[in-house]
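Undergrad: You'll find query-v4.csv just under this line, and it carries CSV, C-alpha atoms and all ligand atoms.
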```csv
chain,number,residue,atom,x,y,z
T,21,MET,CA,-2.7,9.3,20.5
T,22,ALA,CA,-3.0,5.9,18.8
T,23,VAL,CA,-0.1,3.4,18.9
T,24,GLU,CA,1.4,2.9,15.4
T,25,LEU,CA,1.3,-0.5,13.8
T,26,GLN,CA,4.8,-2.2,13.8
T,27,HIS,CA,5.1,-3.7,10.4
T,28,PRO,CA,7.4,-6.7,9.8
T,29,VAL,CA,10.2,-6.2,7.3
T,30,PRO,CA,8.7,-6.9,3.8
T,31,ALA,CA,10.1,-9.9,2.0
T,32,ALA,CA,11.1,-8.6,-1.4
T,33,SER,CA,11.3,-10.9,-4.3
T,34,TRP,CA,12.8,-10.1,-7.7
T,35,GLU,CA,9.3,-9.1,-8.9
T,36,THR,CA,8.5,-6.9,-5.9
T,37,ARG,CA,11.8,-5.3,-5.1
T,38,ALA,CA,11.1,-2.1,-7.2
T,39,TRP,CA,7.8,-1.7,-5.2
T,40,TRP,CA,9.4,-1.9,-1.8
T,41,GLU,CA,12.4,0.2,-2.8
T,42,GLY,CA,10.0,2.8,-4.2
T,43,CYS,CA,8.1,2.8,-0.9
T,44,GLY,CA,11.5,3.4,0.9
T,45,ARG,CA,12.0,6.5,-1.2
T,46,GLY,CA,8.4,7.7,-0.5
T,47,GLU,CA,7.0,6.7,-3.9
T,48,LEU,CA,4.3,4.2,-5.0
T,49,VAL,CA,5.9,2.5,-8.0
T,50,LEU,CA,3.2,0.8,-10.1
T,51,GLN,CA,3.5,-1.1,-13.4
T,52,ARG,CA,2.0,-0.3,-16.7
T,53,CYS,CA,1.8,-2.7,-19.6
T,54,GLY,CA,3.4,-1.3,-22.8
T,55,ALA,CA,1.2,-3.5,-25.0
T,56,CYS,CA,-2.3,-3.0,-23.6
T,57,GLY,CA,-1.8,0.0,-21.2
T,58,LYS,CA,-3.3,-1.7,-18.1
T,59,VAL,CA,-1.9,-0.6,-14.8
T,60,GLN,CA,-1.3,-3.4,-12.4
T,61,HIS,CA,-0.4,-4.2,-8.8
T,62,LYS,CA,0.9,-6.5,-7.3
T,63,PRO,CA,4.2,-6.4,-9.3
T,64,ARG,CA,4.6,-9.2,-11.9
T,65,ALA,CA,7.0,-10.1,-14.6
T,66,VAL,CA,4.2,-10.1,-17.2
T,67,CYS,CA,0.9,-8.2,-17.7
T,68,ALA,CA,-1.9,-10.1,-15.9
T,69,THR,CA,-4.3,-8.9,-18.6
T,70,CYS,CA,-2.5,-9.8,-21.9
T,71,LEU,CA,0.6,-11.7,-20.7
T,72,SER,CA,3.0,-9.2,-22.4
T,73,SER,CA,6.4,-8.8,-20.8
T,74,GLU,CA,6.6,-5.1,-21.9
T,75,ILE,CA,6.2,-3.9,-18.3
T,76,GLU,CA,7.2,-0.4,-17.3
T,77,HIS,CA,7.4,1.1,-13.9
T,78,PHE,CA,6.1,4.6,-13.0
T,79,VAL,CA,5.5,6.7,-9.9
T,80,ALA,CA,1.8,6.9,-9.0
T,81,SER,CA,0.1,10.0,-7.6
T,82,GLY,CA,-0.3,8.6,-4.1
T,83,ARG,CA,-4.0,9.6,-4.1
T,84,GLY,CA,-7.0,7.4,-3.9
T,85,GLN,CA,-10.1,6.6,-2.1
T,86,VAL,CA,-11.3,4.0,0.4
T,87,TYR,CA,-12.9,1.2,-1.5
T,88,THR,CA,-13.9,-0.8,1.5
T,89,PHE,CA,-12.6,-1.2,5.1
T,90,THR,CA,-13.0,-2.9,8.4
T,91,VAL,CA,-12.0,-1.8,11.9
T,92,THR,CA,-9.8,-4.4,13.6
T,93,HIS,CA,-10.5,-4.7,17.3
T,94,GLN,CA,-8.6,-7.9,18.1
T,95,ASN,CA,-5.2,-9.1,16.8
T,96,GLN,CA,-2.8,-10.9,19.1
T,97,ALA,CA,0.2,-10.6,16.8
T,98,PRO,CA,3.0,-8.5,18.3
T,99,GLY,CA,3.2,-5.1,16.7
T,100,PHE,CA,-0.5,-5.2,15.9
T,101,ARG,CA,-2.2,-5.9,19.2
T,102,GLU,CA,-0.9,-2.7,20.7
T,103,ALA,CA,-2.4,-0.6,17.8
T,104,CYS,CA,-6.0,-1.9,18.1
T,105,PRO,CA,-8.4,-0.6,17.0
T,106,TYR,CA,-7.0,0.1,13.6
T,107,VAL,CA,-8.4,0.4,10.1
T,108,LEU,CA,-7.7,-2.3,7.5
T,109,ALA,CA,-8.8,-1.1,4.1
T,110,TYR,CA,-8.7,-1.5,0.4
T,111,VAL,CA,-7.7,1.8,-1.1
T,112,GLU,CA,-8.4,2.3,-4.8
T,113,LEU,CA,-5.6,4.4,-6.3
T,114,GLU,CA,-6.4,7.1,-8.9
T,115,GLU,CA,-4.5,4.9,-11.4
T,116,GLY,CA,-6.8,1.9,-10.8
T,117,PRO,CA,-5.2,-0.7,-8.7
T,118,ARG,CA,-6.5,-1.4,-5.1
T,119,LEU,CA,-4.1,-1.8,-2.2
T,120,LEU,CA,-4.7,-3.8,1.0
T,121,THR,CA,-3.4,-1.2,3.5
T,122,ASN,CA,-4.2,0.8,6.6
T,123,VAL,CA,-5.9,4.1,7.1
T,124,ILE,CA,-4.3,6.2,9.8
T,125,GLY,CA,-4.3,9.7,11.0
T,126,CYS,CA,-8.0,9.8,12.1
T,127,ASP,CA,-10.4,8.1,14.4
T,128,PRO,CA,-11.4,4.7,12.9
T,129,GLY,CA,-15.1,5.8,13.3
T,130,GLU,CA,-14.4,8.7,10.8
T,131,VAL,CA,-13.4,6.4,7.9
T,132,SER,CA,-16.0,5.9,5.2
T,133,VAL,CA,-16.2,4.2,1.8
T,134,GLY,CA,-15.3,6.8,-0.9
T,135,MET,CA,-13.2,8.9,1.5
T,136,PRO,CA,-10.3,10.6,-0.3
T,137,VAL,CA,-6.9,9.5,1.1
T,138,VAL,CA,-3.3,10.2,0.4
T,139,VAL,CA,-0.3,7.8,0.8
T,140,ASP,CA,2.0,8.0,3.8
T,141,PHE,CA,5.0,5.7,4.5
T,142,ALA,CA,6.0,3.8,7.6
T,143,PRO,CA,9.7,3.1,7.6
T,144,VAL,CA,10.6,-0.4,8.7
T,145,ASP,CA,13.5,-1.2,11.0
T,146,ASP,CA,16.0,-3.1,8.9
T,147,GLU,CA,19.6,-2.1,8.5
T,148,ARG,CA,20.0,-4.1,5.2
T,149,GLU,CA,17.1,-2.6,3.2
T,150,ALA,CA,15.6,0.9,3.0
T,151,PHE,CA,12.0,-0.3,2.7
T,152,ALA,CA,8.8,1.3,4.0
T,153,VAL,CA,5.2,0.2,4.2
T,154,PRO,CA,2.5,2.3,2.5
T,155,ARG,CA,-0.6,3.4,4.4
T,156,PHE,CA,-3.0,6.2,3.9
T,157,ARG,CA,-4.3,9.2,5.7
T,158,PRO,CA,-7.4,11.4,5.0
T,159,ALA,CA,-6.6,13.8,2.1
H,1,ZN,ZN,-1.1,-5.9,-21.1
```
Can you turn what I pasted into structure tokens?
Ligand SMILES: [Zn+2]

TA:
Amino acid sequence: MAVELQHPVPAASWETRAWWEGCGRGELVLQRCGACGKVQHKPRAVCATCLSSEIEHFVASGRGQVYTFTVTHQNQAPGFREACPYVLAYVELEEGPRLLTNVIGCDPGEVSVGMPVVVDFAPVDDEREAFAVPRFRPA
């Protein structure tokens, strides 16, 4: 059984707080522009496409596919070195945005571009905030 990555506590800003709190509830909270309809991530105060401030939040499906990935064999950072080898990937969500994340729940050699995945959340150890870090498993 692989050792799990030990993620540091996310540093939430006023723009990213809804994202991290959503993850803590087991939800991927994305933003949609009320003016042009574009779905965006990372969270911003304005639409990165048309600069409108008509930003609404919604809960994404949690489904996507591996856009690209690498297998990390060396990382000396505590919390990461113990989990090597692990998969670092961009997952393209059904709603469009791509997340830099991890693929877990399978052997790194089984991961492939285009592989369907579903979100999963790793709680982080912090008594002040109920955050979690999203990662993905084979669907
Ligand atoms: Zn827009």

Undergrad: Pick from T:Pro30, T:Gly57, T:Pro154, T:Pro136: nearest to ligand ZN 1 (chain H), with only C-alpha atoms and all ligand atoms counted?

TA: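 Ranking T:Pro30, T:Gly57, T:Pro154, T:Pro136 by distance to ligand ZN 1 (chain H), first place goes to T:Gly57.
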
Undergrad: List as a list in words the protein and nucleic acid residues near Glu35 in chain T, meaning an atom at most 9 Å away when all atoms listed in the file are counted, but skip any in the same chain fewer than 6 places from it.

TA: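 After dropping sequence-adjacent residues, the list is Lys62, Pro63, Arg64 and Ala65 of chain T.
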
Undergrad: Can you write out the residues you just picked, keeping C-alpha atoms, as a compact mmCIF listing (two decimals), in the coordinates of the input?

TA:
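Everything below was put into out_8.txt:
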```txt
# COMPACT_ATOMS: atom_id res chain seq x y z
CA LYS T 62 0.90 -6.50 -7.30
CA PRO T 63 4.20 -6.40 -9.30
CA ARG T 64 4.60 -9.20 -11.90
CA ALA T 65 7.00 -10.10 -14.60
```

Undergrad: With 10 Å as the cut-off and only C-alpha atoms and all ligand atoms counted, what is the closest atom pair between each nearby residue of chain T and ligand ZN 1 (chain H)? Distances in Å to one decimal, ordered by chain and number, as JSON lines.

TA:
```
{"residue": "T:Arg52", "atom": "CA", "partner": "H:ZN1", "partner_atom": "ZN", "distance": 7.8}
{"residue": "T:Cys53", "atom": "CA", "partner": "H:ZN1", "partner_atom": "ZN", "distance": 4.6}
{"residue": "T:Gly54", "atom": "CA", "partner": "H:ZN1", "partner_atom": "ZN", "distance": 6.7}
{"residue": "T:Ala55", "atom": "CA", "partner": "H:ZN1", "partner_atom": "ZN", "distance": 5.1}
{"residue": "T:Cys56", "atom": "CA", "partner": "H:ZN1", "partner_atom": "ZN", "distance": 4.0}
{"residue": "T:Gly57", "atom": "CA", "partner": "H:ZN1", "partner_atom": "ZN", "distance": 5.9}
{"residue": "T:Lys58", "atom": "CA", "partner": "H:ZN1", "partner_atom": "ZN", "distance": 5.6}
{"residue": "T:Val59", "atom": "CA", "partner": "H:ZN1", "partner_atom": "ZN", "distance": 8.3}
{"residue": "T:Gln60", "atom": "CA", "partner": "H:ZN1", "partner_atom": "ZN", "distance": 9.1}
{"residue": "T:Val66", "atom": "CA", "partner": "H:ZN1", "partner_atom": "ZN", "distance": 7.8}
{"residue": "T:Cys67", "atom": "CA", "partner": "H:ZN1", "partner_atom": "ZN", "distance": 4.6}
{"residue": "T:Ala68", "atom": "CA", "partner": "H:ZN1", "partner_atom": "ZN", "distance": 6.7}
{"residue": "T:Thr69", "atom": "CA", "partner": "H:ZN1", "partner_atom": "ZN", "distance": 5.0}
{"residue": "T:Cys70", "atom": "CA", "partner": "H:ZN1", "partner_atom": "ZN", "distance": 4.2}
{"residue": "T:Leu71", "atom": "CA", "partner": "H:ZN1", "partner_atom": "ZN", "distance": 6.1}
{"residue": "T:Ser72", "atom": "CA", "partner": "H:ZN1", "partner_atom": "ZN", "distance": 5.4}
{"residue": "T:Ser73", "atom": "CA", "partner": "H:ZN1", "partner_atom": "ZN", "distance": 8.0}
{"residue": "T:Glu74", "atom": "CA", "partner": "H:ZN1", "partner_atom": "ZN", "distance": 7.8}
{"residue": "T:Ile75", "atom": "CA", "partner": "H:ZN1", "partner_atom": "ZN", "distance": 8.1}
```

Undergrad: Kindly indicate which residue among T:Val139, T:Val133, T:Ala150, T:Leu50 lies nearest to Gly116 in chain T, using all atoms listed in the file for the distances.

TA: T:Leu50

Undergrad: List every residue of range 117-142 of chain T that has an atom at most 9 Å from any atom of range 93-106 of chain T, giving for each one its closest atom pair and the distance in Å to one decimal, counting all atoms listed in the file, sorted by chain and then by ascending residue number, as CSV.

TA:
```
residue,atom,partner,partner_atom,distance
T:Asn122,CA,T:Tyr106,CA,7.6
T:Val123,CA,T:Tyr106,CA,7.7
T:Ile124,CA,T:Tyr106,CA,7.7
T:Asp127,CA,T:Tyr106,CA,8.7
T:Pro128,CA,T:Tyr106,CA,6.4
```

Undergrad: Using all atoms listed in the file, can you tell me which of T:Pro28, T:Gly44, T:Gly134, T:Pro143 comes closest to Val86 in chain T?

TA: T:Gly134

Undergrad: Can you pull out every residue within 10 Å of Cys126 in chain T, counting only C-alpha atoms, but drop anything in the same chain fewer than 4 positions away, and send it as a list in words?

TA: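 Near Cys126 in chain T, the qualifying residues are Met21, Ala22, Tyr106, Val107, Glu130, Val131, Arg157 and Pro158 of chain T.
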
Undergrad: By how many Å are CA of Leu25 in chain T and CA of Val137 in chain T apart?

TA: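 Taking CA of Leu25 in chain T and CA of Val137 in chain T, their separation equals 18.1 Å.
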
Undergrad: Have a look at CA of Arg148 in chain T and CA of Val79 in chain T and let me know their distance in Å, one decimal.

TA: 23.6 Å

Undergrad: Could you tell me how far CA of Gln85 in chain T lies from CA of Ala159 in chain T, in Å and to one decimal?

TA: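 Interatomic distance here is 9.0 Å.
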
Undergrad: For each of T:Phe141, T:Trp39, T:Tyr110, T:Phe89, take the minimum atom-to-atom distance to His27 in chain T, counting only C-alpha atoms, then give the residue where this is smallest.

TA: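 Closest candidate: T:Phe141.
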
Undergrad: When you get a chance, write out N, CA and C atoms for range 135-157 of chain T, as a PDB file, keeping the file's coordinate frame.

TA:
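And here's rebuild32.pdb as it stands now:
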```
ATOM      1  N   MET T 135     -13.994   7.803   0.914  1.00  0.00           N
ATOM      2  CA  MET T 135     -13.200   8.900   1.500  1.00  0.00           C
ATOM      3  C   MET T 135     -11.907   9.099   0.772  1.00  0.00           C
ATOM      4  N   PRO T 136     -11.597  10.340   0.373  1.00  0.00           N
ATOM      5  CA  PRO T 136     -10.300  10.600  -0.300  1.00  0.00           C
ATOM      6  C   PRO T 136      -9.158  10.441   0.682  1.00  0.00           C
ATOM      7  N   VAL T 137      -8.116   9.772   0.221  1.00  0.00           N
ATOM      8  CA  VAL T 137      -6.900   9.500   1.100  1.00  0.00           C
ATOM      9  C   VAL T 137      -5.677   9.777   0.257  1.00  0.00           C
ATOM     10  N   VAL T 138      -4.595   9.952   0.990  1.00  0.00           N
ATOM     11  CA  VAL T 138      -3.300  10.200   0.400  1.00  0.00           C
ATOM     12  C   VAL T 138      -2.273   9.272   1.068  1.00  0.00           C
ATOM     13  N   VAL T 139      -1.298   8.808   0.292  1.00  0.00           N
ATOM     14  CA  VAL T 139      -0.300   7.800   0.800  1.00  0.00           C
ATOM     15  C   VAL T 139       0.603   8.491   1.845  1.00  0.00           C
ATOM     16  N   ASP T 140       1.094   7.648   2.710  1.00  0.00           N
ATOM     17  CA  ASP T 140       2.000   8.000   3.800  1.00  0.00           C
ATOM     18  C   ASP T 140       2.866   6.734   3.959  1.00  0.00           C
ATOM     19  N   PHE T 141       4.101   6.861   4.395  1.00  0.00           N
ATOM     20  CA  PHE T 141       5.000   5.700   4.500  1.00  0.00           C
ATOM     21  C   PHE T 141       5.496   5.448   5.866  1.00  0.00           C
ATOM     22  N   ALA T 142       5.399   4.212   6.330  1.00  0.00           N
ATOM     23  CA  ALA T 142       6.000   3.800   7.600  1.00  0.00           C
ATOM     24  C   ALA T 142       7.300   3.151   7.363  1.00  0.00           C
ATOM     25  N   PRO T 143       8.403   3.757   7.784  1.00  0.00           N
ATOM     26  CA  PRO T 143       9.700   3.100   7.600  1.00  0.00           C
ATOM     27  C   PRO T 143       9.718   1.796   8.428  1.00  0.00           C
ATOM     28  N   VAL T 144      10.415   0.789   7.937  1.00  0.00           N
ATOM     29  CA  VAL T 144      10.600  -0.400   8.700  1.00  0.00           C
ATOM     30  C   VAL T 144      12.007  -0.529   9.202  1.00  0.00           C
ATOM     31  N   ASP T 145      12.167  -1.151  10.331  1.00  0.00           N
ATOM     32  CA  ASP T 145      13.500  -1.200  11.000  1.00  0.00           C
ATOM     33  C   ASP T 145      14.281  -2.358  10.432  1.00  0.00           C
ATOM     34  N   ASP T 146      15.127  -2.042   9.468  1.00  0.00           N
ATOM     35  CA  ASP T 146      16.000  -3.100   8.900  1.00  0.00           C
ATOM     36  C   ASP T 146      17.248  -2.383   8.345  1.00  0.00           C
ATOM     37  N   GLU T 147      18.393  -2.770   8.868  1.00  0.00           N
ATOM     38  CA  GLU T 147      19.600  -2.100   8.500  1.00  0.00           C
ATOM     39  C   GLU T 147      20.096  -2.528   7.073  1.00  0.00           C
ATOM     40  N   ARG T 148      19.523  -3.621   6.521  1.00  0.00           N
ATOM     41  CA  ARG T 148      20.000  -4.100   5.200  1.00  0.00           C
ATOM     42  C   ARG T 148      19.197  -3.460   4.046  1.00  0.00           C
ATOM     43  N   GLU T 149      17.941  -3.083   4.308  1.00  0.00           N
ATOM     44  CA  GLU T 149      17.100  -2.600   3.200  1.00  0.00           C
ATOM     45  C   GLU T 149      16.415  -1.288   3.653  1.00  0.00           C
ATOM     46  N   ALA T 150      16.296  -0.346   2.720  1.00  0.00           N
ATOM     47  CA  ALA T 150      15.600   0.900   3.000  1.00  0.00           C
ATOM     48  C   ALA T 150      14.161   0.807   2.482  1.00  0.00           C
ATOM     49  N   PHE T 151      13.401  -0.092   3.086  1.00  0.00           N
ATOM     50  CA  PHE T 151      12.000  -0.300   2.700  1.00  0.00           C
ATOM     51  C   PHE T 151      11.095   0.526   3.591  1.00  0.00           C
ATOM     52  N   ALA T 152       9.858   0.689   3.141  1.00  0.00           N
ATOM     53  CA  ALA T 152       8.800   1.300   4.000  1.00  0.00           C
ATOM     54  C   ALA T 152       7.496   0.621   3.553  1.00  0.00           C
ATOM     55  N   VAL T 153       6.501   0.766   4.425  1.00  0.00           N
ATOM     56  CA  VAL T 153       5.200   0.200   4.200  1.00  0.00           C
ATOM     57  C   VAL T 153       4.195   1.310   3.924  1.00  0.00           C
ATOM     58  N   PRO T 154       3.495   1.261   2.785  1.00  0.00           N
ATOM     59  CA  PRO T 154       2.500   2.300   2.500  1.00  0.00           C
ATOM     60  C   PRO T 154       1.245   2.183   3.301  1.00  0.00           C
ATOM     61  N   ARG T 155       0.763   3.290   3.793  1.00  0.00           N
ATOM     62  CA  ARG T 155      -0.600   3.400   4.400  1.00  0.00           C
ATOM     63  C   ARG T 155      -1.137   4.706   4.007  1.00  0.00           C
ATOM     64  N   PHE T 156      -2.346   4.983   4.375  1.00  0.00           N
ATOM     65  CA  PHE T 156      -3.000   6.200   3.900  1.00  0.00           C
ATOM     66  C   PHE T 156      -3.616   6.990   4.967  1.00  0.00           C
ATOM     67  N   ARG T 157      -3.704   8.313   4.742  1.00  0.00           N
ATOM     68  CA  ARG T 157      -4.300   9.200   5.700  1.00  0.00           C
ATOM     69  C   ARG T 157      -5.428  10.007   4.920  1.00  0.00           C
TER      70      ARG T 157
END
```
